[in-house]
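A.B. asks: Input structure: entry.cif, which contains mmCIF, C-alpha atoms and all ligand atoms.
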```
data_run
loop_
_atom_site.label_atom_id
_atom_site.label_comp_id
_atom_site.auth_asym_id
_atom_site.auth_seq_id
_atom_site.Cartn_x
_atom_site.Cartn_y
_atom_site.Cartn_z
CA MET Y 1 -27.06 24.29 -0.32
CA GLU Y 2 -23.66 24.88 1.30
CA HIS Y 3 -25.12 25.24 4.77
CA ILE Y 4 -26.99 21.98 4.93
CA ALA Y 5 -25.52 19.65 7.54
CA HIS Y 6 -24.46 16.30 6.08
CA THR Y 7 -23.71 13.09 7.90
CA CYS Y 8 -20.57 11.46 6.52
CA LYS Y 9 -21.26 8.07 4.97
CA SER Y 10 -17.80 6.83 5.90
CA CYS Y 11 -17.17 8.04 9.45
CA GLY Y 12 -20.50 9.42 10.69
CA ASN Y 13 -19.15 12.94 11.31
CA VAL Y 14 -21.68 15.77 10.86
CA PHE Y 15 -20.32 18.58 8.66
CA GLN Y 16 -21.14 21.33 6.15
CA GLY Y 17 -19.85 21.65 2.59
CA ASN Y 18 -18.92 19.09 -0.02
CA PHE Y 19 -16.20 17.20 1.84
CA CYS Y 20 -16.11 15.64 5.33
CA ASN Y 21 -13.70 17.66 7.49
CA LEU Y 22 -12.63 14.54 9.40
CA CYS Y 23 -11.96 11.90 6.76
CA GLY Y 24 -12.25 13.80 3.46
CA GLU Y 25 -15.13 11.74 2.07
CA LYS Y 26 -16.99 13.52 -0.76
CA ILE Y 27 -20.75 14.04 -0.83
CA LEU Y 28 -22.18 12.11 -3.75
CA HIS Y 29 -24.52 14.15 -5.91
CA ALA Y 30 -26.86 12.71 -8.49
CA SER Y 31 -24.60 14.20 -11.20
CA ASP Y 32 -21.66 12.11 -9.91
CA ARG Y 33 -23.57 9.03 -10.93
CA SER Y 34 -24.59 10.26 -14.36
CA PHE Y 35 -23.39 8.30 -17.36
CA LYS Y 36 -21.55 11.37 -18.62
CA ARG Y 37 -19.44 11.55 -15.45
CA PHE Y 38 -18.87 7.81 -15.59
CA ALA Y 39 -17.62 8.02 -19.17
CA GLU Y 40 -15.36 10.97 -18.25
CA THR Y 41 -13.75 8.97 -15.46
CA ILE Y 42 -13.08 6.04 -17.78
CA PHE Y 43 -11.71 8.34 -20.46
CA LYS Y 44 -9.39 9.98 -17.93
CA SER Y 45 -8.01 6.74 -16.58
CA ILE Y 46 -7.43 5.27 -20.03
CA THR Y 47 -5.84 8.28 -21.69
CA PHE Y 48 -3.85 9.35 -18.63
CA ALA Y 49 -5.36 12.75 -19.37
CA ASP Y 50 -5.37 13.35 -15.63
CA SER Y 51 -3.80 16.80 -15.82
CA LYS Y 52 -2.48 16.58 -12.26
CA PHE Y 53 -0.33 13.60 -13.16
CA ILE Y 54 1.11 15.19 -16.32
CA LYS Y 55 1.62 18.52 -14.54
CA THR Y 56 3.51 16.85 -11.70
CA LEU Y 57 5.65 14.79 -14.06
CA TRP Y 58 6.57 17.86 -16.08
CA LEU Y 59 7.44 19.76 -12.91
CA VAL Y 60 9.93 17.09 -11.81
CA LEU Y 61 11.74 17.51 -15.14
CA LYS Y 62 11.56 21.26 -15.46
CA LYS Y 63 11.94 22.41 -11.86
CA PRO Y 64 13.59 19.67 -9.79
CA GLY Y 65 13.03 20.07 -6.04
CA PHE Y 66 10.01 22.33 -6.45
CA LEU Y 67 7.48 19.54 -5.93
CA THR Y 68 9.15 18.41 -2.69
CA LYS Y 69 9.37 22.00 -1.46
CA GLN Y 70 5.67 22.59 -2.07
CA PHE Y 71 4.81 19.28 -0.43
CA VAL Y 72 6.96 19.89 2.65
CA GLU Y 73 5.57 23.41 3.05
CA GLY Y 74 2.04 22.01 3.13
CA LYS Y 75 0.94 23.00 -0.39
CA ARG Y 76 -0.26 19.56 -1.35
CA VAL Y 77 -3.44 19.91 -3.38
CA LYS Y 78 -2.20 21.21 -6.74
CA TYR Y 79 0.18 18.35 -7.53
CA LEU Y 80 0.43 14.60 -7.00
CA LYS Y 81 2.26 13.62 -3.80
CA PRO Y 82 5.88 12.65 -4.54
CA LEU Y 83 5.24 9.18 -3.13
CA SER Y 84 2.12 8.63 -5.27
CA LEU Y 85 4.03 9.69 -8.37
CA PHE Y 86 6.80 7.32 -7.35
CA LEU Y 87 4.42 4.37 -7.00
CA VAL Y 88 2.92 5.00 -10.46
CA LEU Y 89 6.34 5.31 -12.14
CA ASN Y 90 7.63 2.29 -10.24
CA LEU Y 91 4.72 0.22 -11.52
CA ALA Y 92 5.33 1.42 -15.08
CA TYR Y 93 9.07 0.68 -14.84
CA PHE Y 94 8.64 -2.85 -13.56
CA PHE Y 95 6.39 -3.80 -16.46
CA PHE Y 96 9.48 -3.67 -18.67
CA PRO Y 97 12.58 -3.37 -16.49
CA VAL Y 98 14.86 -3.47 -19.54
CA ILE Y 99 17.34 -0.96 -18.18
CA GLN Y 100 19.11 -2.23 -15.10
CA LEU Y 101 18.44 0.52 -12.61
CA PHE Y 102 16.51 -0.62 -9.57
CA ASN Y 103 16.19 -4.05 -11.08
CA ALA Y 104 19.39 -6.09 -11.39
CA SER Y 105 19.61 -9.45 -13.13
CA LEU Y 106 22.02 -12.10 -11.89
CA ASN Y 107 24.34 -11.20 -14.73
CA THR Y 108 24.38 -7.53 -13.70
CA GLN Y 109 24.89 -8.43 -10.06
CA LEU Y 110 27.89 -10.61 -10.83
CA ARG Y 111 29.45 -8.01 -13.12
CA SER Y 112 28.70 -4.72 -11.38
CA SER Y 113 29.68 -5.73 -7.88
CA SER Y 114 33.14 -5.38 -9.36
CA VAL Y 115 34.09 -2.47 -7.11
CA LEU Y 116 35.51 -4.96 -4.67
CA LEU Y 117 37.09 -8.05 -6.12
CA TYR Y 118 36.35 -9.84 -2.86
CA LEU Y 119 32.60 -9.17 -3.21
CA ARG Y 120 32.55 -10.49 -6.75
CA HIS Y 121 34.23 -13.67 -5.54
CA LEU Y 122 31.78 -14.00 -2.65
CA TYR Y 123 28.77 -13.56 -4.98
CA SER Y 124 29.99 -16.26 -7.38
CA ASN Y 125 30.51 -18.66 -4.49
CA VAL Y 126 27.08 -17.95 -3.03
CA VAL Y 127 25.46 -18.50 -6.44
CA ALA Y 128 27.37 -21.71 -7.10
CA THR Y 129 26.49 -23.12 -3.68
CA LYS Y 130 22.82 -22.17 -3.98
CA ALA Y 131 22.54 -23.61 -7.52
CA SER Y 132 24.03 -26.93 -6.46
CA THR Y 133 21.75 -27.15 -3.40
CA MET Y 134 18.78 -26.61 -5.70
CA GLY Y 135 20.22 -29.16 -8.13
CA VAL Y 136 20.14 -26.88 -11.19
CA ASP Y 137 22.83 -25.61 -13.53
CA LEU Y 138 23.84 -21.96 -13.73
CA ALA Y 139 21.63 -21.15 -16.75
CA ALA Y 140 18.51 -22.53 -15.06
CA PHE Y 141 19.42 -20.85 -11.79
CA SER Y 142 19.85 -17.54 -13.59
CA LEU Y 143 16.29 -17.79 -14.99
CA ILE Y 144 14.78 -18.59 -11.59
CA TYR Y 145 16.80 -15.84 -9.93
CA ASN Y 146 15.81 -13.16 -12.45
CA LEU Y 147 12.11 -13.92 -12.12
CA LYS Y 148 12.30 -13.72 -8.35
CA THR Y 149 14.46 -10.61 -8.09
CA VAL Y 150 12.16 -8.44 -10.27
CA GLY Y 151 9.28 -8.92 -7.85
CA LEU Y 152 11.47 -8.26 -4.83
CA ALA Y 153 13.10 -5.19 -6.37
CA LYS Y 154 9.70 -3.63 -6.99
CA LEU Y 155 9.00 -3.82 -3.26
CA MET Y 156 12.48 -2.94 -2.08
CA VAL Y 157 13.19 0.27 -4.04
CA MET Y 158 12.30 2.31 -0.96
CA ILE Y 159 15.43 0.88 0.71
CA PHE Y 160 17.51 2.66 -1.93
CA VAL Y 161 15.60 5.87 -1.34
CA VAL Y 162 16.18 5.82 2.42
CA ILE Y 163 19.89 4.90 2.17
CA ALA Y 164 20.48 7.59 -0.46
CA SER Y 165 18.79 10.24 1.66
CA LEU Y 166 21.02 9.68 4.72
CA PRO Y 167 23.93 12.01 3.77
CA LEU Y 168 21.46 14.83 3.17
CA ASN Y 169 20.95 14.95 6.94
CA LEU Y 170 24.62 15.88 7.33
CA LEU Y 171 25.15 17.97 4.19
CA TYR Y 172 22.10 20.13 4.86
CA PHE Y 173 22.07 19.87 8.64
CA LYS Y 174 21.77 23.64 9.05
CA ARG Y 175 18.66 23.84 6.88
CA ASN Y 176 16.51 22.54 9.73
CA ARG Y 177 14.72 20.01 7.57
CA PHE Y 178 13.15 16.93 9.06
CA PHE Y 179 14.51 13.44 8.43
CA THR Y 180 11.41 12.67 6.36
CA ASP Y 181 11.85 15.86 4.30
CA HIS Y 182 15.17 14.50 3.02
CA ILE Y 183 13.46 11.21 2.21
CA ASP Y 184 10.77 13.08 0.24
CA TYR Y 185 13.55 14.86 -1.67
CA MET Y 186 15.10 11.50 -2.51
CA VAL Y 187 11.70 10.14 -3.58
CA GLU Y 188 11.57 12.95 -6.12
CA LEU Y 189 15.07 12.04 -7.33
CA ALA Y 190 13.97 8.42 -7.68
CA CYS Y 191 10.93 9.60 -9.71
CA PHE Y 192 13.23 11.61 -11.95
CA ASN Y 193 15.46 8.58 -12.53
CA LEU Y 194 12.59 6.19 -13.16
CA LEU Y 195 11.18 8.61 -15.72
CA VAL Y 196 14.34 9.76 -17.50
CA ASN Y 197 16.84 6.94 -17.07
CA ALA Y 198 14.49 3.98 -17.11
CA ILE Y 199 11.18 4.62 -18.86
CA VAL Y 200 12.06 7.29 -21.44
CA LEU Y 201 15.46 5.76 -22.17
CA SER Y 202 13.86 2.33 -22.71
CA ILE Y 203 11.28 3.79 -25.08
CA VAL Y 204 13.87 5.77 -27.02
CA THR Y 205 16.16 2.75 -27.43
CA ALA Y 206 13.24 0.50 -28.40
CA PHE Y 207 12.06 2.78 -31.20
CA THR Y 208 15.37 4.07 -32.52
CA GLY Y 209 18.63 2.35 -33.32
CA LEU Y 210 20.30 4.00 -30.34
CA GLY Y 211 20.24 0.74 -28.38
CA ASN Y 212 23.45 -0.29 -30.15
CA TYR Y 213 25.31 2.62 -28.58
CA LEU Y 214 24.15 1.87 -25.05
CA ASN Y 215 26.86 0.21 -23.06
CA GLU Y 216 28.21 0.44 -19.55
CA THR Y 217 30.17 3.62 -20.36
CA SER Y 218 27.46 5.56 -22.19
CA LEU Y 219 24.88 4.60 -19.57
CA THR Y 220 27.16 5.82 -16.78
CA ILE Y 221 27.68 9.13 -18.58
CA ILE Y 222 23.92 9.57 -19.04
CA PHE Y 223 23.27 8.73 -15.36
CA ILE Y 224 25.93 11.14 -14.08
CA ALA Y 225 24.84 14.00 -16.33
CA THR Y 226 21.11 13.69 -15.60
CA ASN Y 227 21.58 13.19 -11.86
CA LEU Y 228 23.95 16.15 -11.58
CA TYR Y 229 21.33 18.24 -13.37
CA PHE Y 230 18.73 17.14 -10.82
CA LEU Y 231 20.95 17.50 -7.74
CA ILE Y 232 22.23 20.98 -8.62
CA ARG Y 233 18.84 22.39 -9.56
CA ALA Y 234 16.98 20.70 -6.72
CA SER Y 235 19.47 21.80 -4.06
CA VAL Y 236 18.99 25.41 -5.12
CA GLN Y 237 15.25 24.94 -5.05
CA PHE Y 238 14.86 22.86 -1.91
CA TYR Y 239 17.84 23.76 0.28
CA ASP Y 240 18.58 27.28 -1.00
CA GLU Y 241 22.16 26.20 -1.60
CA LYS Y 242 24.43 28.22 -3.88
CA GLY Y 243 27.99 28.93 -5.02
CA TRP Y 244 30.87 26.46 -4.66
CA ARG Y 245 29.12 24.60 -1.81
CA LEU Y 246 26.29 23.78 -4.21
CA ILE Y 247 28.69 22.23 -6.73
CA LEU Y 248 30.73 20.41 -4.09
CA LYS Y 249 27.74 18.97 -2.23
CA SER Y 250 26.10 17.92 -5.50
CA ILE Y 251 29.22 16.00 -6.52
CA VAL Y 252 29.41 14.35 -3.08
CA MET Y 253 25.74 13.35 -3.37
CA MET Y 254 26.37 12.06 -6.91
CA LEU Y 255 29.11 9.77 -5.64
CA PHE Y 256 26.96 8.64 -2.76
CA LEU Y 257 24.11 7.76 -5.13
CA LYS Y 258 26.44 5.20 -6.70
CA VAL Y 259 27.32 3.83 -3.24
CA ALA Y 260 23.63 3.69 -2.28
CA LEU Y 261 22.77 1.87 -5.52
CA GLU Y 262 25.53 -0.71 -4.91
CA LEU Y 263 24.40 -1.19 -1.30
CA TYR Y 264 20.78 -1.56 -2.36
CA ARG Y 265 21.76 -4.09 -5.03
CA SER Y 266 23.76 -6.12 -2.49
CA ILE Y 267 20.78 -6.25 -0.16
CA LEU Y 268 18.58 -7.22 -3.11
CA PHE Y 269 21.04 -9.96 -4.07
CA PHE Y 270 21.10 -11.56 -0.63
CA VAL Y 271 17.35 -11.25 -0.10
CA THR Y 272 16.75 -12.89 -3.49
CA ILE Y 273 19.16 -15.75 -2.74
CA TRP Y 274 17.66 -16.19 0.72
CA SER Y 275 14.10 -16.29 -0.61
CA LEU Y 276 14.81 -18.93 -3.28
ZN ZN Q 1 -16.06 11.40 7.32
#
```
Write the structure described by the file as structure tokens, please.
Ligand SMILES: [Zn+2]
C.D. replies:
Amino acid sequence: MEHIAHTCKSCGNVFQGNFCNLCGEKILHASDRSFKRFAETIFKSITFADSKFIKTLWLVLKKPGFLTKQFVEGKRVKYLKPLSLFLVLNLAYFFFPVIQLFNASLNTQLRSSSVLLYLRHLYSNVVATKASTMGVDLAAFSLIYNLKTVGLAKLMVMIFVVIASLPLNLLYFKRNRFFTDHIDYMVELACFNLLVNAIVLSIVTAFTGLGNYLNETSLTIIFIATNLYFLIRASVQFYDEKGWRLILKSIVMMLFLKVALELYRSILFFVTIWSL
């Protein structure tokens, strides 16, 4: 059975075994088309019982950095690719982007760009000008803006990932990692944040009374604590960093995450305004 030559249905390559060695297409057997297999596939996609997905998700929580390390070292079959995991979580997050993480409503934009008073002033002016050109009041403009920005944010999250990964090139220069390896690392961090600080946090606040305690301060504390956990553990795992350098570099990265988030939100703000 194994030694029969097959002609690939997708690319025409002649090969032996169950998978095409050029494009990866699978040989379809009669059993693949049985009703039992069909029902299994449906069951899996509905219940999310796909063990690979759950296994990968759990790994990101329990052993930060391990998934990226495996992926970069070419061990890619056992777990979901970081980017695939990211796309699934991103989709889930943007169904209900209650927590302002990669999504930022007009209200959030006008409040949180408070780092520089000048920026806050600029934003208000831009909004006022745009609203009057469109001939709507601020409340109506806010509604239109928020609808538009959610869709754009969903597509633009990768900008955050790339910006946030830049300092890693300097901090871990001696580790001989590729530029894209650092991006993969940051993709895993984004997955972690989408899961812990967006999806799980939203669910917990929706089903318990904890929502009343969530404010700017408590959210910041949760973000800092969870991200430090990830950065410290993942740097040990992925960059073999240890000792005081580990702590110092993790704190530097933590601060830069905030900068990257602000930068990303600014870009999102101007793209949203421009596209209206
Ligand atoms: Zn093929």
A.B. asks: Might you pull out every residue within 7 Å of Ser165 (chain Y), with only C-alpha atoms counted and same-chain residues fewer than 4 positions away left off, and present them as a list in words?
C.D. replies: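 Once the nearby chain positions are removed, what remains is Val161, His182, Ile183 and Met186 of chain Y.
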A.B. asks: Quick one: of Y:Leu89, Y:Leu122, Y:Val127, Y:Tyr185, who's nearest to Ala139 (chain Y), counting all atoms listed in the file?
C.D. replies: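 So, comparing all the options, the nearest one is Y:Val127.
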A.B. asks: Of the candidates Y:Asn215, Y:Ser34, Y:Asn193, Y:Asn18, which shows the shortest atom-to-atom distance to ligand ZN 1 (chain Q), using only C-alpha atoms and all ligand atoms?
C.D. replies: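 Distance minimum relative to ligand ZN 1 (chain Q) lands on Y:Asn18.
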A.B. asks: Would you list the residues that come within 10 Å of ligand ZN 1 (chain Q)? Count all atoms listed in the file and give the answer as number ranges by chain.
C.D. replies: Y: 6-15, 19-27
A.B. asks: Given the selection you just returned, output its residues as a file containing C-alpha atoms, formatted as a PDB file, in the coordinates of the input.
C.D. replies:
```
ATOM      1  CA  HIS Y   6     -24.460  16.300   6.080  1.00  0.00           C
ATOM      2  CA  THR Y   7     -23.710  13.090   7.900  1.00  0.00           C
ATOM      3  CA  CYS Y   8     -20.570  11.460   6.520  1.00  0.00           C
ATOM      4  CA  LYS Y   9     -21.260   8.070   4.970  1.00  0.00           C
ATOM      5  CA  SER Y  10     -17.800   6.830   5.900  1.00  0.00           C
ATOM      6  CA  CYS Y  11     -17.170   8.040   9.450  1.00  0.00           C
ATOM      7  CA  GLY Y  12     -20.500   9.420  10.690  1.00  0.00           C
ATOM      8  CA  ASN Y  13     -19.150  12.940  11.310  1.00  0.00           C
ATOM      9  CA  VAL Y  14     -21.680  15.770  10.860  1.00  0.00           C
ATOM     10  CA  PHE Y  15     -20.320  18.580   8.660  1.00  0.00           C
ATOM     11  CA  PHE Y  19     -16.200  17.200   1.840  1.00  0.00           C
ATOM     12  CA  CYS Y  20     -16.110  15.640   5.330  1.00  0.00           C
ATOM     13  CA  ASN Y  21     -13.700  17.660   7.490  1.00  0.00           C
ATOM     14  CA  LEU Y  22     -12.630  14.540   9.400  1.00  0.00           C
ATOM     15  CA  CYS Y  23     -11.960  11.900   6.760  1.00  0.00           C
ATOM     16  CA  GLY Y  24     -12.250  13.800   3.460  1.00  0.00           C
ATOM     17  CA  GLU Y  25     -15.130  11.740   2.070  1.00  0.00           C
ATOM     18  CA  LYS Y  26     -16.990  13.520  -0.760  1.00  0.00           C
ATOM     19  CA  ILE Y  27     -20.750  14.040  -0.830  1.00  0.00           C
TER      20      ILE Y  27
END
```
A.B. asks: Work out how far CA of Asn107 (chain Y) is from CA of Ala225 (chain Y), in Å to one decimal.
C.D. replies: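 Result for CA of Ala225 (chain Y) versus CA of Asn107 (chain Y): 25.3 Å, one decimal.
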A.B. asks: Would you compute the distance between CA of Gln100 (chain Y) and CA of Ala198 (chain Y)? Give it in Å to one decimal.
C.D. replies: 8.0 Å
A.B. asks: Counting all atoms listed in the file, find residues at most 6 Å from (14.6, 25.1, -11.9) (file frame) and give them as a list in words.
C.D. replies: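 The residues near that point, listed by chain and number, are Lys63, Pro64 and Arg233 of chain Y.
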A.B. asks: Pick the closest to Leu83 (chain Y) from Y:Asn176, Y:Ala131, Y:Lys44, Y:Asp181: which is it, counting only C-alpha atoms?
C.D. replies: Y:Asp181
A.B. asks: Which residues are close to Thr149 (chain Y), i.e. within 12 Å by all atoms listed in the file, leaving aside same-chain residues fewer than 6 positions away? Reply as a list in words.
C.D. replies: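 These residues fall inside the cut-off: Phe94, Pro97, Gln100, Phe102, Asn103, Ala104, Ser105, Leu106, Asn107, Thr108, Gln109, Phe141, Ser142, Leu143, Leu155, Met156, Val157, Arg265, Ser266, Ile267, Leu268, Phe269, Phe270, Val271, Thr272, Ile273, Trp274, Ser275 and Leu276 of chain Y.
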A.B. asks: May I ask for the distance between CA of Leu110 (chain Y) and CA of Tyr264 (chain Y), given in Å to one decimal place?
C.D. replies: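 These atoms are spaced 14.3 Å apart.
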A.B. asks: Restricting the calculation to only C-alpha atoms, which member of Y:Lys249, Y:Lys242, Y:Lys154, Y:Arg177 is positioned closest to Val88 (chain Y)?
C.D. replies: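 Nearest to Val88 (chain Y): Y:Lys154.
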A.B. asks: The centre and edge lengths of an axis-aligned box containing all atoms of region 89-98 of chain Y present in the file, extended by 4 Å on each side, are to be given in Å to one decimal, as lines of an AutoDock Vina configuration file.
C.D. replies:
```
center_x = 9.8
center_y = 0.8
center_z = -14.9
size_x = 18.1
size_y = 17.1
size_z = 17.3
```
